[in-house]
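Asks: Hey, dropping input07.cif in here, mmCIF, C-alpha atoms:
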```
data_structure
#
loop_
_atom_site.label_atom_id
_atom_site.label_comp_id
_atom_site.auth_asym_id
_atom_site.auth_seq_id
_atom_site.Cartn_x
_atom_site.Cartn_y
_atom_site.Cartn_z
CA GLY A 1 1.73 5.56 -1.65
CA GLY A 2 1.94 3.08 -4.50
CA ILE A 3 5.68 2.55 -4.12
CA GLY A 4 5.36 -0.96 -2.63
CA ASN A 5 5.53 -0.56 1.17
CA THR A 6 2.71 -3.00 1.86
CA THR A 7 3.93 -5.48 -0.76
CA LEU A 8 7.40 -5.52 0.78
CA ALA A 9 5.91 -6.09 4.25
CA GLN A 10 3.89 -9.01 2.85
CA TYR A 11 7.07 -10.57 1.43
CA VAL A 12 8.79 -10.19 4.80
CA CYS A 13 5.90 -11.91 6.58
CA SER A 14 5.84 -14.84 4.15
CA ASP A 15 9.60 -15.47 4.38
CA SER A 16 10.27 -18.93 5.79
CA ARG A 17 12.77 -17.58 8.36
CA VAL A 18 10.14 -15.19 9.69
CA GLU A 19 7.55 -17.98 9.76
CA THR A 20 9.91 -20.11 11.84
CA TYR A 21 11.08 -17.38 14.24
CA PHE A 22 7.68 -16.01 15.34
CA ASP A 23 4.90 -17.93 17.06
CA MET A 24 2.27 -15.40 16.07
CA LYS A 25 1.80 -12.79 13.34
CA ILE A 26 -0.77 -10.00 13.60
CA TRP A 27 -1.53 -7.71 10.65
CA ILE A 28 -3.52 -4.49 11.11
CA CYS A 29 -4.27 -1.77 8.55
CA VAL A 30 -4.09 1.41 10.63
CA SER A 31 -4.83 4.14 8.04
CA LEU A 32 -5.69 7.65 9.26
CA ASN A 33 -7.16 6.92 12.67
CA PHE A 34 -4.67 5.73 15.28
CA ASP A 35 -7.13 4.76 18.00
CA VAL A 36 -5.60 2.62 20.76
CA VAL A 37 -8.88 0.95 21.75
CA ARG A 38 -9.83 0.10 18.16
CA LEU A 39 -6.39 -1.27 17.33
CA THR A 40 -6.24 -3.35 20.53
CA ARG A 41 -9.63 -4.85 19.70
CA GLN A 42 -8.38 -5.66 16.21
CA MET A 43 -5.32 -7.38 17.62
CA LEU A 44 -7.56 -9.59 19.75
CA GLU A 45 -9.74 -10.37 16.74
CA CYS A 46 -6.68 -11.39 14.71
CA ILE A 47 -5.56 -13.77 17.45
CA THR A 48 -8.90 -15.33 18.40
CA GLY A 49 -10.79 -15.06 15.12
CA THR A 50 -13.72 -13.50 16.99
CA GLY A 51 -14.52 -10.11 18.50
CA PRO A 52 -13.61 -9.38 22.15
CA GLY A 53 -17.22 -8.66 23.09
CA GLY A 54 -18.70 -5.25 23.75
CA SER A 55 -16.03 -3.90 26.07
CA ALA A 56 -14.51 -0.55 25.13
CA ASN A 57 -12.39 -0.38 28.29
CA LEU A 58 -8.74 -0.29 27.28
CA ASN A 59 -7.48 -1.85 30.52
CA ILE A 60 -9.79 -4.87 30.14
CA LEU A 61 -8.88 -5.27 26.46
CA GLN A 62 -5.17 -5.10 27.18
CA GLU A 63 -5.41 -7.64 29.99
CA LYS A 64 -7.15 -10.03 27.59
CA LEU A 65 -4.45 -9.34 25.02
CA LYS A 66 -1.64 -10.03 27.52
CA ASP A 67 -3.21 -13.41 28.32
CA LYS A 68 -3.37 -14.34 24.63
CA LEU A 69 0.23 -13.24 24.00
CA GLU A 70 1.66 -15.02 27.03
CA GLY A 71 4.76 -17.01 26.12
CA SER A 72 4.56 -16.21 22.40
CA ARG A 73 7.04 -14.38 20.20
CA VAL A 74 4.98 -11.92 18.19
CA LEU A 75 5.40 -10.05 14.90
CA LEU A 76 2.95 -7.13 14.75
CA ILE A 77 2.57 -5.38 11.39
CA LEU A 78 0.97 -1.93 11.40
CA ASP A 79 0.31 -1.17 7.76
CA ASP A 80 -0.28 2.29 6.26
CA MET A 81 0.08 4.25 9.49
CA TRP A 82 -0.49 7.97 8.99
CA GLY A 83 0.18 9.36 12.44
CA VAL A 84 0.19 9.02 16.20
CA LYS A 85 -0.86 11.86 18.52
CA ASP A 86 2.05 11.60 20.94
CA SER A 87 4.61 9.22 22.40
CA SER A 88 2.40 8.39 25.40
CA GLU A 89 -0.35 7.10 23.11
CA TRP A 90 2.18 4.88 21.32
CA SER A 91 3.55 3.61 24.63
CA ARG A 92 0.04 2.72 25.83
CA PHE A 93 -0.63 0.78 22.65
CA VAL A 94 2.54 -1.32 22.72
CA ALA A 95 2.45 -1.96 26.50
CA PRO A 96 1.02 -5.53 26.21
CA LEU A 97 3.90 -6.54 23.93
CA GLY A 98 6.50 -5.12 26.29
CA SER A 99 5.02 -6.92 29.31
CA ASN A 100 5.26 -10.29 27.56
CA GLN A 101 8.61 -11.25 29.09
CA GLN A 102 8.46 -14.88 28.01
CA GLY A 103 8.07 -13.81 24.43
CA LYS A 104 11.23 -11.69 24.20
CA GLY A 105 12.03 -10.92 20.61
CA ASN A 106 8.67 -9.35 19.78
CA VAL A 107 8.93 -7.10 16.72
CA ILE A 108 6.72 -4.31 15.36
CA LEU A 109 6.96 -3.55 11.65
CA VAL A 110 5.37 -0.26 10.54
CA THR A 111 4.72 0.91 6.98
CA THR A 112 4.06 4.61 6.52
CA ARG A 113 4.26 7.42 4.00
CA ASN A 114 5.43 9.89 6.65
CA GLN A 115 9.02 10.11 7.86
CA SER A 116 7.76 11.77 11.06
CA VAL A 117 5.81 8.60 11.92
CA ALA A 118 8.89 6.46 11.36
CA LYS A 119 10.90 8.67 13.72
CA ALA A 120 8.14 8.72 16.35
CA VAL A 121 7.69 4.95 16.61
CA GLY A 122 10.96 3.48 15.39
CA SER A 123 13.86 2.27 17.50
CA LEU A 124 15.79 1.36 14.34
CA ASP A 125 16.60 3.44 11.26
CA SER A 126 13.75 3.53 8.77
CA ILE A 127 14.01 2.07 5.28
CA SER A 128 12.94 4.48 2.54
CA LEU A 129 11.73 2.91 -0.69
CA ASP A 130 12.33 4.48 -4.09
CA GLY A 131 10.68 3.76 -7.42
CA LEU A 132 11.71 0.70 -9.39
CA LYS A 133 14.82 0.93 -11.57
CA LYS A 134 14.08 1.65 -15.23
CA LYS A 135 14.50 -1.89 -16.60
CA ALA A 136 12.60 -3.54 -13.75
CA PHE A 137 9.79 -1.00 -14.10
CA TRP A 138 9.53 -1.58 -17.84
CA ASP A 139 9.21 -5.33 -17.26
CA CYS A 140 6.44 -4.66 -14.75
CA PHE A 141 4.67 -2.11 -16.96
CA ARG A 142 4.94 -4.32 -20.06
CA ALA A 143 3.32 -7.25 -18.22
CA TYR A 144 0.30 -5.10 -17.31
CA ALA A 145 0.05 -3.35 -20.69
CA PHE A 146 0.57 -6.29 -23.05
CA GLY A 147 -0.19 -9.38 -21.01
CA LYS A 148 0.85 -12.40 -23.08
CA GLU A 149 0.78 -10.43 -26.33
CA LYS A 150 4.14 -9.32 -27.75
CA GLY A 151 2.77 -6.12 -29.22
CA HIS A 152 3.95 -4.12 -32.22
CA LYS A 153 7.44 -2.53 -32.04
CA LYS A 154 5.89 0.91 -32.40
CA LEU A 155 3.66 0.19 -29.40
CA HIS A 156 6.73 -0.76 -27.38
CA ARG A 157 8.32 2.59 -28.20
CA ILE A 158 5.19 4.49 -27.15
CA GLY A 159 4.85 2.30 -24.08
CA ARG A 160 8.41 3.06 -22.99
CA GLU A 161 7.77 6.80 -23.29
CA ILE A 162 4.64 6.49 -21.15
CA ALA A 163 6.46 4.27 -18.64
CA ASP A 164 9.21 6.88 -18.24
CA ARG A 165 6.59 9.33 -16.96
CA LEU A 166 5.36 7.06 -14.17
CA LYS A 167 8.38 7.58 -11.87
CA GLY A 168 8.89 3.92 -11.10
CA TYR A 169 5.67 3.49 -9.11
CA PRO A 170 4.47 -0.15 -9.32
CA LEU A 171 0.87 0.95 -8.67
CA ALA A 172 1.14 3.35 -11.62
CA ALA A 173 2.35 0.49 -13.82
CA LYS A 174 -0.69 -1.52 -12.83
CA SER A 175 -3.13 1.36 -13.23
CA VAL A 176 -1.90 2.92 -16.48
CA GLY A 177 -0.77 -0.41 -17.94
CA GLY A 178 -4.26 -1.79 -17.36
CA LEU A 179 -5.76 1.30 -19.00
CA LEU A 180 -3.65 0.78 -22.14
CA ARG A 181 -4.33 -2.95 -22.27
CA ARG A 182 -8.07 -2.39 -22.77
CA ASP A 183 -7.35 -1.26 -26.33
CA ILE A 184 -3.94 -2.21 -27.72
CA ASN A 185 -3.60 0.00 -30.80
CA VAL A 186 -1.15 2.68 -31.90
CA GLU A 187 -3.67 5.51 -32.33
CA ARG A 188 -5.11 5.25 -28.83
CA TRP A 189 -1.71 4.87 -27.15
CA THR A 190 -0.36 7.85 -29.11
CA ARG A 191 -3.36 9.92 -28.05
CA ILE A 192 -2.72 9.08 -24.41
CA LEU A 193 1.01 9.81 -24.74
CA GLU A 194 0.38 13.19 -26.37
CA SER A 195 -2.35 14.19 -23.92
CA LYS A 196 -1.73 17.57 -22.29
CA GLU A 197 -2.76 16.02 -18.97
CA TRP A 198 0.77 14.66 -18.63
CA MET A 199 2.19 18.17 -18.64
CA SER A 200 0.34 19.10 -15.44
CA HIS A 201 1.73 15.97 -13.77
CA GLN A 202 5.40 16.47 -14.53
CA ASP A 203 6.25 18.27 -11.31
CA THR A 204 3.75 16.50 -9.07
CA GLU A 205 5.17 14.28 -6.36
CA GLY A 206 3.35 11.08 -5.54
CA ILE A 207 0.89 8.72 -7.10
CA ILE A 208 -2.37 10.72 -6.96
CA ALA A 209 -1.87 12.68 -10.20
CA ILE A 210 -1.04 9.48 -12.11
CA LEU A 211 -4.13 7.73 -10.77
CA LYS A 212 -6.22 10.79 -11.68
CA PHE A 213 -4.99 10.40 -15.25
CA SER A 214 -6.22 6.79 -15.26
CA TYR A 215 -9.56 7.92 -13.83
CA ASP A 216 -10.00 10.46 -16.63
CA TYR A 217 -9.84 7.64 -19.19
CA LEU A 218 -12.40 5.41 -17.49
CA PRO A 219 -15.73 4.96 -19.32
CA PHE A 220 -18.36 7.42 -18.10
CA HIS A 221 -20.45 4.82 -16.25
CA LEU A 222 -17.39 3.71 -14.25
CA ARG A 223 -16.42 7.28 -13.40
CA ARG A 224 -19.96 7.82 -12.10
CA CYS A 225 -19.70 4.61 -10.06
CA PHE A 226 -16.35 5.78 -8.65
CA SER A 227 -17.86 9.13 -7.64
CA TYR A 228 -20.77 7.36 -5.96
CA CYS A 229 -18.41 5.19 -3.92
CA ALA A 230 -16.59 8.33 -2.78
CA LEU A 231 -19.72 9.32 -0.82
CA PHE A 232 -19.06 6.61 1.76
CA PRO A 233 -16.70 7.02 4.74
CA GLU A 234 -13.15 5.82 4.12
#
```
Could I get this structure in the form of structure tokens?
Replies:
Amino acid sequence: GGIGNTTLAQYVCSDSRVETYFDMKIWICVSLNFDVVRLTRQMLECITGTGPGGSANLNILQEKLKDKLEGSRVLLILDDMWGVKDSSEWSRFVAPLGSNQQGKGNVILVTTRNQSVAKAVGSLDSISLDGLKKKAFWDCFRAYAFGKEKGHKKLHRIGREIADRLKGYPLAAKSVGGLLRRDINVERWTRILESKEWMSHQDTEGIIAILKFSYDYLPFHLRRCFSYCALFPE
């Protein structure tokens, strides 16, 4: 999470060659719950712009979907997919795309954090993303932290030290860079750099610990608001 999977998929979709090749693009955020009925309904909503009515019968929904896909070459993006129960469930879900013989060349693009998901659904080798290279990450971090301001040389030195701890995650650049930008002064940035919180994050894989650090520096009223929002279902 936070490495840029979704952003890369968005760039792929907006490429002019992709625009020309496919007749139809469908984007669905899957998240934790891979429910075939829900996802099929969402596909219909993406195509028609309206809901498919009250039917929860998968066969009826898939027949409607087949009619809408007839003769079209489709790019289906399943973003942030966390899991699928078994291969039969996946096969049921993609059946309408496979039956669309006139639209040969249909493609499914999946973004996921789990290699097991990539192996379960992929017919091609997966592409694993790494953090940004050091120079590219610094450019990204600097844009979020300084904006249009050049900043003092000492701030740049402190900023580089902080950036080195963020493991190349673009989301971390946005989160921590935005935190620093709220008050661009040497004392505050030094205090953040020297915080012991960083020590507990050194061996932690992933983005969560870095985002937790940003949360800790939110004003109290925003932390309370954040906690309140956490009461609601995902």
Asks: Quick one: distance from atom CA of A:Gly4 to atom CA of A:Cys140 in Å, one decimal?
Replies: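 Computed distance, atom CA of A:Gly4 to atom CA of A:Cys140, equals 12.7 Å.
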Asks: At a cut-off of 10 Å, using only C-alpha atoms, what residues contact stretch 20-23 of chain A? Leave out same-chain residues fewer than 5 positions from it and give the result as a PyMOL selection string.
Replies: chain A and resi 13+15+69+71-75+103+105-107
Asks: As a check of understanding, name the residues that the PyMOL selection byres ((chain A and resi 68) around 12) selects in the supplied structure, as a list of chain:residue names.
Replies: A:Asp23, A:Met24, A:Met43, A:Leu44, A:Glu45, A:Cys46, A:Ile47, A:Thr48, A:Pro52, A:Leu61, A:Gln62, A:Glu63, A:Lys64, A:Leu65, A:Lys66, A:Asp67, A:Leu69, A:Glu70, A:Gly71, A:Ser72, A:Arg73, A:Val74, A:Pro96, A:Leu97, A:Asn100, A:Gly103
Asks: Grab the atom CA of A:Ile208 to atom CA of A:Arg188 distance for me, in Å with one decimal place.
Replies: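 Those two atoms sit 22.7 Å apart.
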Asks: For atom CA of A:Asp125 and atom CA of A:Leu171, quote the distance in Å rounded to one decimal.
Replies: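 One can read the atom CA of A:Asp125 to atom CA of A:Leu171 distance as 25.5 Å.
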Asks: Run the PyMOL selection byres ((chain A and resi 33) around 12) on the file and write out the hits as an MDAnalysis selection string.
Replies: chainID A and resid 29:32 34:39 80:85 234
Asks: Can you give me N, CA, C and O atoms for stretch 75-86 of chain A, written as an mmCIF file, in the frame of the given file?
Replies:
```
data_model
loop_
_atom_site.group_PDB
_atom_site.id
_atom_site.type_symbol
_atom_site.label_atom_id
_atom_site.label_comp_id
_atom_site.auth_asym_id
_atom_site.auth_seq_id
_atom_site.Cartn_x
_atom_site.Cartn_y
_atom_site.Cartn_z
ATOM 1 N N LEU A 75 5.110 -11.057 15.930
ATOM 2 C CA LEU A 75 5.400 -10.050 14.900
ATOM 3 C C LEU A 75 4.109 -9.285 14.648
ATOM 4 O O LEU A 75 3.115 -9.853 14.194
ATOM 5 N N LEU A 76 4.110 -8.002 14.979
ATOM 6 C CA LEU A 76 2.950 -7.130 14.750
ATOM 7 C C LEU A 76 3.253 -6.210 13.586
ATOM 8 O O LEU A 76 4.238 -5.474 13.612
ATOM 9 N N ILE A 77 2.416 -6.261 12.554
ATOM 10 C CA ILE A 77 2.570 -5.380 11.390
ATOM 11 C C ILE A 77 1.484 -4.322 11.435
ATOM 12 O O ILE A 77 0.290 -4.647 11.464
ATOM 13 N N LEU A 78 1.889 -3.069 11.462
ATOM 14 C CA LEU A 78 0.970 -1.930 11.400
ATOM 15 C C LEU A 78 1.130 -1.296 10.023
ATOM 16 O O LEU A 78 2.104 -0.592 9.770
ATOM 17 N N ASP A 79 0.176 -1.574 9.154
ATOM 18 C CA ASP A 79 0.310 -1.170 7.760
ATOM 19 C C ASP A 79 -0.373 0.176 7.506
ATOM 20 O O ASP A 79 -1.463 0.441 8.019
ATOM 21 N N ASP A 80 0.280 1.015 6.701
ATOM 22 C CA ASP A 80 -0.280 2.290 6.260
ATOM 23 C C ASP A 80 -0.653 3.186 7.447
ATOM 24 O O ASP A 80 -1.784 3.648 7.562
ATOM 25 N N MET A 81 0.299 3.426 8.300
ATOM 26 C CA MET A 81 0.080 4.250 9.490
ATOM 27 C C MET A 81 0.373 5.707 9.158
ATOM 28 O O MET A 81 1.471 6.052 8.725
ATOM 29 N N TRP A 82 -0.611 6.569 9.403
ATOM 30 C CA TRP A 82 -0.490 7.970 8.990
ATOM 31 C C TRP A 82 -0.024 8.889 10.117
ATOM 32 O O TRP A 82 0.472 9.976 9.862
ATOM 33 N N GLY A 83 -0.234 8.469 11.358
ATOM 34 C CA GLY A 83 0.180 9.360 12.440
ATOM 35 C C GLY A 83 -0.146 8.788 13.794
ATOM 36 O O GLY A 83 -0.927 7.850 13.926
ATOM 37 N N VAL A 84 0.486 9.350 14.816
ATOM 38 C CA VAL A 84 0.190 9.020 16.200
ATOM 39 C C VAL A 84 0.251 10.334 16.972
ATOM 40 O O VAL A 84 1.128 11.168 16.728
ATOM 41 N N LYS A 85 -0.723 10.552 17.870
ATOM 42 C CA LYS A 85 -0.860 11.860 18.520
ATOM 43 C C LYS A 85 0.388 12.245 19.309
ATOM 44 O O LYS A 85 0.914 13.340 19.199
ATOM 45 N N ASP A 86 0.858 11.312 20.135
ATOM 46 C CA ASP A 86 2.050 11.600 20.940
ATOM 47 C C ASP A 86 2.685 10.295 21.387
ATOM 48 O O ASP A 86 2.129 9.215 21.201
#
```
